[in-house]
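To be precise, the following lines are upload_11.txt, and they hold compact mmCIF, C-alpha atoms.
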```txt
# COMPACT_ATOMS: atom_id res chain seq x y z
CA MET A 87 -43.31 -9.69 -81.81
CA LYS A 88 -45.91 -7.51 -83.48
CA GLU A 89 -48.24 -7.62 -80.47
CA MET A 90 -45.58 -6.10 -78.21
CA GLN A 91 -44.80 -3.35 -80.73
CA GLU A 92 -48.48 -2.45 -80.66
CA LYS A 93 -48.58 -2.51 -76.86
CA ILE A 94 -45.51 -0.26 -76.68
CA LEU A 95 -47.01 2.21 -79.13
CA LYS A 96 -50.35 2.17 -77.29
CA ASP A 97 -49.31 2.00 -73.61
CA GLY A 98 -45.56 2.70 -73.42
CA LYS A 99 -44.26 6.08 -72.31
CA VAL A 100 -40.95 7.52 -73.46
CA ILE A 101 -39.45 9.68 -70.73
CA SER A 102 -36.19 11.57 -70.55
CA GLY A 103 -32.86 9.75 -70.30
CA GLY A 104 -33.68 7.08 -72.85
CA ILE A 105 -36.19 5.40 -70.56
CA LEU A 106 -39.28 3.57 -71.83
CA LYS A 107 -41.97 2.94 -69.25
CA VAL A 108 -43.92 -0.25 -69.86
CA GLY A 109 -45.19 -0.76 -66.32
CA SER A 110 -48.75 -1.24 -67.47
CA PHE A 111 -48.09 -4.63 -69.08
CA LEU A 112 -44.52 -5.75 -68.47
CA ASN A 113 -42.71 -4.71 -65.36
CA GLN A 114 -45.14 -3.56 -62.73
CA GLN A 115 -48.48 -4.88 -63.89
CA ILE A 116 -48.25 -8.13 -65.81
CA ASP A 117 -50.75 -9.11 -68.49
CA ILE A 118 -50.81 -12.86 -67.89
CA ASP A 119 -52.03 -13.99 -71.31
CA PHE A 120 -49.48 -11.78 -73.03
CA LEU A 121 -46.80 -13.08 -70.68
CA LYS A 122 -47.63 -16.65 -71.75
CA ARG A 123 -47.26 -15.64 -75.40
CA MET A 124 -43.86 -14.09 -74.65
CA GLY A 125 -42.82 -17.37 -73.05
CA GLN A 126 -44.04 -19.31 -76.08
CA GLU A 127 -42.11 -17.05 -78.45
CA ILE A 128 -38.86 -17.41 -76.46
CA ALA A 129 -39.38 -21.19 -76.37
CA ARG A 130 -39.95 -21.21 -80.16
CA LEU A 131 -36.76 -19.22 -80.81
CA TYR A 132 -34.60 -21.50 -78.67
CA ALA A 133 -36.46 -24.79 -79.30
CA ASP A 134 -33.46 -26.44 -80.97
CA GLU A 135 -30.85 -25.34 -78.44
CA LYS A 136 -31.33 -28.07 -75.82
CA VAL A 137 -31.65 -25.50 -73.02
CA ASP A 138 -31.03 -27.01 -69.56
CA LYS A 139 -31.78 -23.96 -67.45
CA ILE A 140 -32.85 -20.34 -67.63
CA LEU A 141 -30.90 -17.67 -65.75
CA THR A 142 -32.40 -14.26 -65.04
CA ILE A 143 -31.91 -11.42 -62.57
CA GLU A 144 -34.31 -10.08 -59.98
CA ALA A 145 -36.79 -8.49 -60.09
CA SER A 146 -38.52 -7.72 -63.37
CA GLY A 147 -36.82 -10.48 -65.36
CA ILE A 148 -38.43 -13.15 -63.20
CA SER A 149 -41.92 -13.19 -64.72
CA ILE A 150 -40.63 -13.54 -68.29
CA ALA A 151 -38.10 -16.16 -67.26
CA VAL A 152 -40.82 -18.17 -65.50
CA ALA A 153 -43.09 -17.97 -68.57
CA ALA A 154 -40.25 -19.17 -70.82
CA GLY A 155 -39.28 -21.88 -68.33
CA MET A 156 -42.83 -23.20 -68.30
CA GLU A 157 -42.80 -23.50 -72.09
CA LEU A 158 -39.31 -25.01 -72.33
CA GLY A 159 -39.88 -27.23 -69.28
CA VAL A 160 -36.63 -26.20 -67.58
CA PRO A 161 -35.84 -24.74 -64.14
CA VAL A 162 -35.36 -21.01 -63.69
CA VAL A 163 -32.60 -19.51 -61.57
CA PHE A 164 -32.57 -15.89 -60.64
CA ALA A 165 -29.42 -14.03 -59.69
CA LYS A 166 -29.77 -11.72 -56.75
CA LYS A 167 -28.57 -8.13 -56.61
CA HIS A 168 -26.47 -6.95 -53.72
CA LEU A 169 -25.18 -3.47 -53.22
CA THR A 170 -22.01 -4.87 -51.73
CA SER A 171 -19.87 -7.65 -53.03
CA ASN A 172 -19.61 -9.22 -49.58
CA VAL A 173 -21.81 -12.28 -49.70
CA ASP A 174 -21.82 -15.23 -47.34
CA GLY A 175 -21.54 -18.77 -48.58
CA ALA A 176 -20.22 -20.07 -51.89
CA PHE A 177 -21.46 -17.84 -54.69
CA TYR A 178 -20.51 -16.86 -58.18
CA SER A 179 -20.44 -13.08 -58.26
CA ALA A 180 -19.94 -10.36 -60.86
CA ASN A 181 -19.81 -6.60 -60.61
CA VAL A 182 -22.38 -4.59 -62.57
CA HIS A 183 -22.54 -0.85 -63.12
CA SER A 184 -26.02 0.63 -63.32
CA TYR A 185 -26.02 3.68 -65.59
CA THR A 186 -29.63 4.44 -64.61
CA ARG A 187 -28.77 4.73 -60.92
CA ASP A 188 -25.04 5.46 -61.33
CA GLU A 189 -24.04 2.84 -58.80
CA ASP A 190 -22.30 -0.52 -58.75
CA TYR A 191 -23.87 -3.70 -57.48
CA SER A 192 -23.05 -7.39 -57.50
CA VAL A 193 -25.07 -10.14 -59.12
CA VAL A 194 -24.74 -13.41 -57.27
CA VAL A 195 -25.85 -17.00 -57.70
CA SER A 196 -25.12 -19.86 -55.33
CA ILE A 197 -22.68 -22.36 -56.81
CA ASP A 198 -25.37 -24.99 -56.21
CA PHE A 199 -27.55 -23.61 -59.01
CA LEU A 200 -25.16 -23.37 -61.98
CA SER A 201 -23.14 -26.41 -62.99
CA PRO A 202 -20.33 -27.12 -65.46
CA GLY A 203 -21.59 -28.07 -68.90
CA GLU A 204 -25.15 -26.84 -68.41
CA ARG A 205 -26.68 -25.09 -71.41
CA VAL A 206 -28.04 -21.84 -70.02
CA LEU A 207 -30.45 -19.40 -71.66
CA LEU A 208 -30.28 -15.86 -70.25
CA VAL A 209 -33.59 -13.99 -70.02
CA ASP A 210 -34.37 -10.43 -68.97
CA ASP A 211 -36.97 -7.77 -69.59
CA PHE A 212 -34.72 -5.03 -71.03
CA LEU A 213 -31.41 -5.04 -72.85
CA ALA A 214 -29.91 -1.55 -72.99
CA ASN A 215 -26.18 -1.15 -72.39
CA GLY A 216 -25.93 -4.84 -71.50
CA GLN A 217 -24.32 -4.39 -68.09
CA ALA A 218 -26.69 -6.75 -66.26
CA LEU A 219 -26.53 -9.43 -68.96
CA ASN A 220 -22.74 -9.21 -69.10
CA GLY A 221 -22.81 -9.85 -65.35
CA LEU A 222 -24.97 -12.93 -65.90
CA LEU A 223 -22.68 -14.11 -68.72
CA SER A 224 -19.76 -13.83 -66.31
CA LEU A 225 -21.60 -16.03 -63.77
CA VAL A 226 -22.23 -18.66 -66.45
CA LYS A 227 -18.55 -18.62 -67.43
CA GLN A 228 -17.40 -18.85 -63.81
CA ALA A 229 -19.57 -21.95 -63.39
CA GLY A 230 -18.10 -23.59 -66.49
CA ALA A 231 -21.58 -23.62 -68.00
CA GLU A 232 -22.41 -22.59 -71.56
CA ALA A 233 -24.52 -19.60 -72.59
CA VAL A 234 -26.68 -20.75 -75.49
CA GLY A 235 -28.06 -17.25 -75.94
CA VAL A 236 -29.96 -14.30 -74.61
CA ALA A 237 -33.68 -13.56 -74.89
CA VAL A 238 -35.10 -10.21 -73.84
CA ALA A 239 -38.51 -8.66 -74.14
CA ILE A 240 -37.24 -5.28 -75.31
CA GLU A 241 -33.84 -4.33 -76.72
CA LYS A 242 -32.93 -0.66 -76.88
CA CYS A 243 -30.53 -1.00 -79.82
CA PHE A 244 -29.34 2.60 -79.58
CA GLN A 245 -27.63 1.81 -76.27
CA GLY A 246 -25.45 -0.77 -77.97
CA GLY A 247 -25.37 -3.57 -75.40
CA GLY A 248 -27.10 -6.16 -77.59
CA ASP A 249 -24.78 -5.69 -80.56
CA GLU A 250 -21.72 -5.88 -78.28
CA ILE A 251 -22.89 -9.27 -77.01
CA ARG A 252 -23.59 -10.44 -80.59
CA GLU A 253 -20.05 -9.39 -81.57
CA ARG A 254 -18.77 -11.84 -78.95
CA GLY A 255 -20.53 -14.61 -80.89
CA ILE A 256 -23.46 -15.00 -78.49
CA ARG A 257 -26.96 -15.22 -79.95
CA VAL A 258 -29.25 -12.39 -78.82
CA GLU A 259 -32.99 -12.42 -79.52
CA ALA A 260 -35.28 -9.53 -78.66
CA LEU A 261 -39.05 -9.85 -78.89
CA VAL A 262 -39.03 -6.16 -79.79
CA ALA A 263 -35.97 -4.15 -80.83
CA ILE A 264 -36.12 -0.36 -80.67
CA GLU A 265 -33.79 1.42 -83.09
CA SER A 266 -34.54 4.88 -81.75
CA MET A 267 -37.11 6.61 -79.62
CA SER A 268 -38.03 10.09 -78.48
CA SER A 269 -41.12 11.99 -77.49
CA GLU A 270 -41.70 12.26 -81.26
CA GLY A 271 -42.06 8.52 -81.72
CA ILE A 272 -40.51 5.07 -81.69
CA ILE A 273 -38.71 3.36 -84.57
CA PHE A 274 -38.43 -0.43 -84.38
CA ARG A 275 -35.58 -2.43 -85.89
CA SER A 276 -37.01 -4.81 -88.46
CA ASN A 277 -36.02 -8.43 -88.05
CA MET B 127 -49.39 -29.02 -49.50
CA LYS B 128 -47.79 -32.36 -48.73
CA GLU B 129 -45.36 -32.10 -51.63
CA MET B 130 -43.89 -28.87 -50.24
CA GLN B 131 -43.56 -30.33 -46.75
CA GLU B 132 -41.53 -33.13 -48.29
CA LYS B 133 -39.39 -30.71 -50.28
CA ILE B 134 -38.72 -28.62 -47.16
CA LEU B 135 -37.73 -31.70 -45.18
CA LYS B 136 -35.52 -32.96 -48.01
CA ASP B 137 -33.94 -29.75 -49.36
CA GLY B 138 -34.66 -26.93 -46.89
CA LYS B 139 -31.97 -25.75 -44.51
CA VAL B 140 -32.74 -24.23 -41.11
CA ILE B 141 -30.13 -21.65 -40.21
CA SER B 142 -29.77 -19.36 -37.23
CA GLY B 143 -32.15 -16.47 -36.66
CA GLY B 144 -35.31 -18.38 -37.58
CA ILE B 145 -34.38 -18.49 -41.25
CA LEU B 146 -35.36 -21.36 -43.54
CA LYS B 147 -33.40 -21.58 -46.78
CA VAL B 148 -35.43 -22.99 -49.66
CA GLY B 149 -33.35 -21.54 -52.48
CA SER B 150 -33.10 -24.87 -54.24
CA PHE B 151 -36.76 -24.97 -55.27
CA LEU B 152 -38.52 -21.76 -54.28
CA ASN B 153 -36.62 -18.51 -54.15
CA GLN B 154 -33.41 -18.76 -56.09
CA GLN B 155 -33.85 -21.82 -58.25
CA ILE B 156 -37.45 -22.46 -59.28
CA ASP B 157 -38.78 -25.94 -60.00
CA ILE B 158 -41.21 -25.05 -62.78
CA ASP B 159 -43.56 -28.03 -62.51
CA PHE B 160 -43.80 -27.59 -58.75
CA LEU B 161 -44.39 -23.87 -59.26
CA LYS B 162 -47.35 -24.69 -61.53
CA ARG B 163 -48.81 -26.93 -58.84
CA MET B 164 -48.45 -24.13 -56.28
CA GLY B 165 -50.35 -21.85 -58.63
CA GLN B 166 -53.07 -24.46 -59.07
CA GLU B 167 -53.42 -24.90 -55.31
CA ILE B 168 -53.72 -21.15 -54.69
CA ALA B 169 -56.29 -20.93 -57.50
CA ARG B 170 -58.25 -23.82 -55.96
CA LEU B 171 -58.27 -22.19 -52.52
CA TYR B 172 -59.53 -18.85 -53.86
CA ALA B 173 -61.65 -20.16 -56.76
CA ASP B 174 -64.90 -18.79 -55.31
CA GLU B 175 -63.59 -15.37 -54.36
CA LYS B 176 -63.96 -13.63 -57.73
CA VAL B 177 -60.36 -12.39 -57.63
CA ASP B 178 -59.74 -9.45 -60.00
CA LYS B 179 -56.02 -9.06 -59.49
CA ILE B 180 -53.03 -10.49 -57.63
CA LEU B 181 -50.68 -8.18 -55.73
CA THR B 182 -47.21 -9.31 -54.70
CA ILE B 183 -43.89 -7.72 -53.82
CA GLU B 184 -40.57 -7.99 -55.60
CA ALA B 185 -38.58 -10.15 -55.91
CA SER B 186 -39.22 -13.70 -54.73
CA GLY B 187 -43.01 -13.35 -54.57
CA ILE B 188 -43.20 -12.74 -58.32
CA SER B 189 -42.85 -16.32 -59.56
CA ILE B 190 -45.58 -17.66 -57.27
CA ALA B 191 -47.86 -14.73 -58.06
CA VAL B 192 -47.39 -15.32 -61.80
CA ALA B 193 -48.16 -19.04 -61.41
CA ALA B 194 -51.34 -18.23 -59.46
CA GLY B 195 -52.29 -15.49 -61.93
CA MET B 196 -51.98 -17.92 -64.83
CA GLU B 197 -54.36 -20.34 -63.11
CA LEU B 198 -56.86 -17.69 -62.00
CA GLY B 199 -56.60 -15.80 -65.28
CA VAL B 200 -56.01 -12.43 -63.65
CA PRO B 201 -53.27 -9.79 -63.95
CA VAL B 202 -50.42 -9.68 -61.47
CA VAL B 203 -49.10 -6.44 -59.99
CA PHE B 204 -45.89 -6.31 -58.06
CA ALA B 205 -45.09 -3.63 -55.54
CA LYS B 206 -41.58 -2.29 -55.71
CA LYS B 207 -39.27 -1.80 -52.77
CA HIS B 208 -37.52 1.49 -52.25
CA LEU B 209 -35.14 2.31 -49.47
CA THR B 210 -36.51 5.82 -49.29
CA SER B 211 -40.10 6.92 -49.21
CA ASN B 212 -39.43 9.65 -51.78
CA VAL B 213 -40.92 8.37 -54.99
CA ASP B 214 -41.73 10.34 -58.11
CA GLY B 215 -45.14 10.17 -59.70
CA ALA B 216 -48.46 9.17 -58.20
CA PHE B 217 -47.95 6.09 -56.04
CA TYR B 218 -49.53 4.36 -53.10
CA SER B 219 -46.79 3.84 -50.57
CA ALA B 220 -46.40 2.11 -47.20
CA ASN B 221 -43.50 1.85 -44.81
CA VAL B 222 -42.19 -1.62 -43.96
CA HIS B 223 -39.66 -2.62 -41.36
CA SER B 224 -37.44 -5.56 -42.25
CA TYR B 225 -36.43 -7.47 -39.13
CA THR B 226 -34.04 -9.61 -41.19
CA ARG B 227 -32.04 -6.60 -42.36
CA ASP B 228 -33.05 -4.21 -39.56
CA GLU B 229 -33.94 -1.42 -41.98
CA ASP B 230 -37.03 0.36 -43.19
CA TYR B 231 -38.13 0.48 -46.79
CA SER B 232 -41.18 1.59 -48.72
CA VAL B 233 -43.43 -0.59 -50.84
CA VAL B 234 -44.93 1.34 -53.72
CA VAL B 235 -47.45 0.74 -56.47
CA SER B 236 -48.49 3.24 -59.12
CA ILE B 237 -52.05 4.43 -58.64
CA ASP B 238 -52.70 3.20 -62.18
CA PHE B 239 -52.49 -0.45 -61.10
CA LEU B 240 -54.84 -0.64 -58.10
CA SER B 241 -58.38 0.62 -58.44
CA PRO B 242 -61.31 1.19 -56.08
CA GLY B 243 -63.52 -1.88 -55.69
CA GLU B 244 -61.05 -4.37 -57.15
CA ARG B 245 -60.91 -7.71 -55.35
CA VAL B 246 -57.22 -8.27 -54.69
CA LEU B 247 -55.48 -11.48 -53.63
CA LEU B 248 -52.11 -10.93 -51.93
CA VAL B 249 -49.41 -13.49 -52.71
CA ASP B 250 -45.89 -13.88 -51.34
CA ASP B 251 -43.32 -16.60 -50.77
CA PHE B 252 -42.91 -16.25 -46.99
CA LEU B 253 -45.15 -14.99 -44.20
CA ALA B 254 -43.16 -14.47 -41.01
CA ASN B 255 -43.84 -11.36 -38.94
CA GLY B 256 -46.17 -10.06 -41.64
CA GLN B 257 -44.49 -6.70 -42.16
CA ALA B 258 -44.36 -6.93 -45.96
CA LEU B 259 -47.94 -8.21 -46.26
CA ASN B 260 -49.20 -5.52 -43.90
CA GLY B 261 -47.53 -3.02 -46.24
CA LEU B 262 -49.37 -4.54 -49.20
CA LEU B 263 -52.66 -4.53 -47.27
CA SER B 264 -52.13 -0.83 -46.63
CA LEU B 265 -51.66 -0.21 -50.39
CA VAL B 266 -54.92 -2.07 -51.11
CA LYS B 267 -56.75 0.01 -48.52
CA GLN B 268 -55.30 3.28 -49.83
CA ALA B 269 -56.59 2.38 -53.29
CA GLY B 270 -60.08 1.67 -51.99
CA ALA B 271 -59.72 -1.90 -53.21
CA GLU B 272 -60.68 -4.98 -51.23
CA ALA B 273 -58.27 -7.65 -49.94
CA VAL B 274 -59.99 -11.00 -50.48
CA GLY B 275 -57.16 -12.80 -48.74
CA VAL B 276 -53.54 -13.75 -48.55
CA ALA B 277 -51.82 -16.81 -50.03
CA VAL B 278 -48.24 -17.65 -49.17
CA ALA B 279 -46.03 -20.59 -49.94
CA ILE B 280 -44.63 -20.90 -46.42
CA GLU B 281 -45.94 -19.43 -43.18
CA LYS B 282 -43.62 -19.39 -40.19
CA CYS B 283 -46.38 -19.49 -37.58
CA PHE B 284 -43.99 -18.95 -34.67
CA GLN B 285 -43.32 -15.40 -35.87
CA GLY B 286 -46.98 -14.53 -35.48
CA GLY B 287 -47.65 -12.39 -38.55
CA GLY B 288 -50.19 -14.73 -40.11
CA ASP B 289 -52.35 -15.02 -37.02
CA GLU B 290 -52.29 -11.24 -36.55
CA ILE B 291 -53.67 -10.80 -40.06
CA ARG B 292 -56.32 -13.49 -39.43
CA GLU B 293 -57.35 -11.65 -36.26
CA ARG B 294 -58.14 -8.65 -38.44
CA GLY B 295 -60.67 -10.83 -40.28
CA ILE B 296 -58.56 -11.39 -43.38
CA ARG B 297 -58.30 -14.91 -44.77
CA VAL B 298 -54.75 -16.26 -44.80
CA GLU B 299 -53.84 -19.48 -46.58
CA ALA B 300 -50.39 -21.05 -46.41
CA LEU B 301 -49.40 -23.94 -48.65
CA VAL B 302 -47.19 -25.03 -45.78
CA ALA B 303 -47.35 -23.73 -42.21
CA ILE B 304 -44.39 -24.28 -39.91
CA GLU B 305 -45.26 -24.38 -36.21
CA SER B 306 -41.67 -24.54 -35.04
CA MET B 307 -38.25 -25.29 -36.43
CA SER B 308 -34.71 -25.72 -35.26
CA SER B 309 -31.62 -27.61 -36.28
CA GLU B 310 -33.34 -30.57 -34.56
CA GLY B 311 -36.26 -30.63 -36.95
CA ILE B 312 -39.38 -28.95 -38.34
CA ILE B 313 -42.91 -29.29 -36.98
CA PHE B 314 -45.72 -28.40 -39.41
CA ARG B 315 -49.08 -27.00 -38.36
CA SER B 316 -51.79 -29.40 -39.45
CA ASN B 317 -54.60 -27.86 -41.48
```
Re-express the file's structure as structure tokens.
Amino acid sequence: MKEMQEKILKDGKVISGGILKVGSFLNQQIDIDFLKRMGQEIARLYADEKVDKILTIEASGISIAVAAGMELGVPVVFAKKHLTSNVDGAFYSANVHSYTRDEDYSVVVSIDFLSPGERVLLVDDFLANGQALNGLLSLVKQAGAEAVGVAVAIEKCFQGGGDEIRERGIRVEALVAIESMSSEGIIFRSN
Amino acid sequence: MKEMQEKILKDGKVISGGILKVGSFLNQQIDIDFLKRMGQEIARLYADEKVDKILTIEASGISIAVAAGMELGVPVVFAKKHLTSNVDGAFYSANVHSYTRDEDYSVVVSIDFLSPGERVLLVDDFLANGQALNGLLSLVKQAGAEAVGVAVAIEKCFQGGGDEIRERGIRVEALVAIESMSSEGIIFRSN
């Protein structure tokens, strides 16, 4: 998505530890018109996949998932994060390690909101090492649902998570894929 | 909003501790068409207020804020929650006490995303004791911006937070206002 590449080059900030700050338009302040176009692009990519439901994870995946859900006309479910794995009620749960914060947390979804046979599209803002998305994929599998693919706003290819998921035969689409980045500049992967 | 009253009566679950579970359509699974109508209703209520920006708080306020932002055509900013008040960079920050979890946390927004003079509409899913919204109102004040009002999906009137904010002269609109609730039933406040 050319427009996002331009926004990243104009407004994004590369900081130490392989972190790209895009708070000005994606994950703290949201440019609503741009968000709609992201939703349209995700809907275009997965138009033929008969998506039943979108699954994302709180918090910054929610806006993109909602935009895509509006375009695809399907409900959006967001997994919650808990620092402990002790959750009341009947939930699907998966353990996730956060490299950024060096801590483990659980992602949980009530069994009421994922059903066997449903075709689920996974949406998030960033795909780096893939820990969070692998957690979501585990929830989909536990429910007996089917992951039709993954759509993220920004993939950081150099952290390898996206290619690992592709190697498992799952479709991964990134609106922007970053091959490498440093304070010197950003190199995008060409599609 | 009659439709939400009906959804609450049909799908909501009152559990102990004054908690209403509406995960099936509002804050874990999102009914996209209904979400759009919530956004339209918030936009209708604040149509004459020249809103510049919507401010919400992660995580479950984001979807409603995005729906309202799409209708009003304004950017959405979401405050982040931190369990400590030590935050790097230049942020506005306010302390919030969560009665549900009996813990304090900070709500923070980068100074880049709230500016003096901006007319800010505050949006959230629930308004109970008003702690989170009072935190957001503090951020708006710190920035020298103006709070044009509050819009929430569900106000739990019996917890008093909404009326306290109204007493400070700030407009508060709830799509549904619950006067009282128990396992016996739910009584709505009539508008």
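Proximity ranking of A:Phe244, A:Phe164, A:Phe274, A:Tyr185 relative to Ile156 of chain B places A:Phe164 first, based on only C-alpha atoms.
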Please report, as CSV, each residue of segment 104-208 of chain A lying at most 9 Å from segment 215-234 of chain A, together with the nearest pair of atoms and the separation in Å rounded to one decimal; use only C-alpha atoms, and order rows by chain and ascending residue number.
```
residue,atom,partner,partner_atom,distance
A:Tyr132,CA,A:Val234,CA,8.6
A:Glu135,CA,A:Val234,CA,6.9
A:Lys136,CA,A:Val234,CA,8.7
A:Val137,CA,A:Val234,CA,7.3
A:Leu141,CA,A:Leu222,CA,7.6
A:Thr142,CA,A:Leu222,CA,7.6
A:Ile143,CA,A:Leu222,CA,7.8
A:Ala165,CA,A:Leu222,CA,7.7
A:Tyr178,CA,A:Leu225,CA,5.8
A:Ser179,CA,A:Leu225,CA,6.4
A:Ala180,CA,A:Gly221,CA,5.4
A:Asn181,CA,A:Gly221,CA,6.5
A:Val182,CA,A:Gln217,CA,5.9
A:His183,CA,A:Gln217,CA,6.4
A:Ser184,CA,A:Gln217,CA,7.1
A:Tyr185,CA,A:Asn215,CA,8.3
A:Ser192,CA,A:Gly221,CA,8.2
A:Val193,CA,A:Gly221,CA,6.6
A:Val194,CA,A:Leu225,CA,7.7
A:Val195,CA,A:Leu225,CA,7.5
A:Ile197,CA,A:Ala229,CA,7.3
A:Leu200,CA,A:Ala229,CA,5.9
A:Ser201,CA,A:Ala229,CA,5.7
A:Pro202,CA,A:Gly230,CA,4.3
A:Gly203,CA,A:Ala231,CA,4.5
A:Glu204,CA,A:Ala231,CA,4.8
A:Arg205,CA,A:Glu232,CA,5.0
A:Val206,CA,A:Ala233,CA,4.9
A:Leu207,CA,A:Val234,CA,5.5
A:Leu208,CA,A:Ala233,CA,7.3
```
Using the selection just defined, write its residues with C-alpha atoms as a short mmCIF file (atom, residue, chain, number, x, y, z; two decimals), keeping the file's coordinate frame.
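Once everything was written out, this is out.cif:
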```cif
data_model
loop_
_atom_site.label_atom_id
_atom_site.label_comp_id
_atom_site.auth_asym_id
_atom_site.auth_seq_id
_atom_site.Cartn_x
_atom_site.Cartn_y
_atom_site.Cartn_z
CA TYR A 132 -34.60 -21.50 -78.67
CA GLU A 135 -30.85 -25.34 -78.44
CA LYS A 136 -31.33 -28.07 -75.82
CA VAL A 137 -31.65 -25.50 -73.02
CA LEU A 141 -30.90 -17.67 -65.75
CA THR A 142 -32.40 -14.26 -65.04
CA ILE A 143 -31.91 -11.42 -62.57
CA ALA A 165 -29.42 -14.03 -59.69
CA TYR A 178 -20.51 -16.86 -58.18
CA SER A 179 -20.44 -13.08 -58.26
CA ALA A 180 -19.94 -10.36 -60.86
CA ASN A 181 -19.81 -6.60 -60.61
CA VAL A 182 -22.38 -4.59 -62.57
CA HIS A 183 -22.54 -0.85 -63.12
CA SER A 184 -26.02 0.63 -63.32
CA TYR A 185 -26.02 3.68 -65.59
CA SER A 192 -23.05 -7.39 -57.50
CA VAL A 193 -25.07 -10.14 -59.12
CA VAL A 194 -24.74 -13.41 -57.27
CA VAL A 195 -25.85 -17.00 -57.70
CA ILE A 197 -22.68 -22.36 -56.81
CA LEU A 200 -25.16 -23.37 -61.98
CA SER A 201 -23.14 -26.41 -62.99
CA PRO A 202 -20.33 -27.12 -65.46
CA GLY A 203 -21.59 -28.07 -68.90
CA GLU A 204 -25.15 -26.84 -68.41
CA ARG A 205 -26.68 -25.09 -71.41
CA VAL A 206 -28.04 -21.84 -70.02
CA LEU A 207 -30.45 -19.40 -71.66
CA LEU A 208 -30.28 -15.86 -70.25
#
```
- For Gly155 of chain A, which of A:Ala133, A:Met87, A:Val258, A:Ile273 is the closest residue, counting all atoms listed in the file?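 Using all atoms listed in the file, the shortest distance to Gly155 of chain A belongs to A:Ala133.
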Per-residue nearest contacts chain A to chain B, cut-off 9 Å, using all atoms listed in the file, as a Markdown table:
```
| residue | atom | partner | partner_atom | distance |
| --- | --- | --- | --- | --- |
| A:Gly109 | CA | B:Ser236 | CA | 8.9 |
| A:Ser110 | CA | B:Phe239 | CA | 7.4 |
| A:Phe111 | CA | B:Pro201 | CA | 8.9 |
| A:Asn113 | CA | B:Phe204 | CA | 8.1 |
| A:Gln114 | CA | B:Phe204 | CA | 5.5 |
| A:Gln115 | CA | B:Val203 | CA | 4.2 |
| A:Ile116 | CA | B:Val202 | CA | 5.1 |
| A:Asp117 | CA | B:Pro201 | CA | 5.2 |
| A:Ile118 | CA | B:Pro201 | CA | 5.6 |
| A:Asp119 | CA | B:Met196 | CA | 7.6 |
| A:Lys122 | CA | B:Met196 | CA | 8.3 |
| A:Glu144 | CA | B:Ala185 | CA | 5.9 |
| A:Ala145 | CA | B:Ala185 | CA | 4.8 |
| A:Ser146 | CA | B:Ala185 | CA | 7.8 |
| A:Ile148 | CA | B:Ser189 | CA | 6.5 |
| A:Ser149 | CA | B:Ser189 | CA | 6.1 |
| A:Val152 | CA | B:Ser189 | CA | 6.5 |
| A:Ala153 | CA | B:Val192 | CA | 8.4 |
| A:Gly155 | CA | B:Ile158 | CA | 6.7 |
| A:Met156 | CA | B:Ile158 | CA | 6.0 |
| A:Gly159 | CA | B:Ile158 | CA | 7.0 |
| A:Val160 | CA | B:Ile158 | CA | 6.7 |
| A:Pro161 | CA | B:Asp157 | CA | 5.2 |
| A:Val162 | CA | B:Ile156 | CA | 5.1 |
| A:Val163 | CA | B:Gln155 | CA | 4.2 |
| A:Phe164 | CA | B:Gln154 | CA | 5.4 |
| A:Ala165 | CA | B:Gln154 | CA | 7.2 |
| A:Lys166 | CA | B:Gln154 | CA | 8.0 |
| A:Val195 | CA | B:Gln154 | CA | 7.9 |
| A:Ser196 | CA | B:Gln154 | CA | 8.4 |
| A:Asp198 | CA | B:Ser150 | CA | 8.0 |
| A:Phe199 | CA | B:Gln155 | CA | 6.6 |
```
Please, could you write that set of residues out with C-alpha atoms as an mmCIF file, in the coordinates of the input?
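Generated output (selection_29.cif):
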```cif
data_model
loop_
_atom_site.group_PDB
_atom_site.id
_atom_site.type_symbol
_atom_site.label_atom_id
_atom_site.label_comp_id
_atom_site.auth_asym_id
_atom_site.auth_seq_id
_atom_site.Cartn_x
_atom_site.Cartn_y
_atom_site.Cartn_z
ATOM 1 C CA GLY A 109 -45.190 -0.760 -66.320
ATOM 2 C CA SER A 110 -48.750 -1.240 -67.470
ATOM 3 C CA PHE A 111 -48.090 -4.630 -69.080
ATOM 4 C CA ASN A 113 -42.710 -4.710 -65.360
ATOM 5 C CA GLN A 114 -45.140 -3.560 -62.730
ATOM 6 C CA GLN A 115 -48.480 -4.880 -63.890
ATOM 7 C CA ILE A 116 -48.250 -8.130 -65.810
ATOM 8 C CA ASP A 117 -50.750 -9.110 -68.490
ATOM 9 C CA ILE A 118 -50.810 -12.860 -67.890
ATOM 10 C CA ASP A 119 -52.030 -13.990 -71.310
ATOM 11 C CA LYS A 122 -47.630 -16.650 -71.750
ATOM 12 C CA GLU A 144 -34.310 -10.080 -59.980
ATOM 13 C CA ALA A 145 -36.790 -8.490 -60.090
ATOM 14 C CA SER A 146 -38.520 -7.720 -63.370
ATOM 15 C CA ILE A 148 -38.430 -13.150 -63.200
ATOM 16 C CA SER A 149 -41.920 -13.190 -64.720
ATOM 17 C CA VAL A 152 -40.820 -18.170 -65.500
ATOM 18 C CA ALA A 153 -43.090 -17.970 -68.570
ATOM 19 C CA GLY A 155 -39.280 -21.880 -68.330
ATOM 20 C CA MET A 156 -42.830 -23.200 -68.300
ATOM 21 C CA GLY A 159 -39.880 -27.230 -69.280
ATOM 22 C CA VAL A 160 -36.630 -26.200 -67.580
ATOM 23 C CA PRO A 161 -35.840 -24.740 -64.140
ATOM 24 C CA VAL A 162 -35.360 -21.010 -63.690
ATOM 25 C CA VAL A 163 -32.600 -19.510 -61.570
ATOM 26 C CA PHE A 164 -32.570 -15.890 -60.640
ATOM 27 C CA ALA A 165 -29.420 -14.030 -59.690
ATOM 28 C CA LYS A 166 -29.770 -11.720 -56.750
ATOM 29 C CA VAL A 195 -25.850 -17.000 -57.700
ATOM 30 C CA SER A 196 -25.120 -19.860 -55.330
ATOM 31 C CA ASP A 198 -25.370 -24.990 -56.210
ATOM 32 C CA PHE A 199 -27.550 -23.610 -59.010
#
```
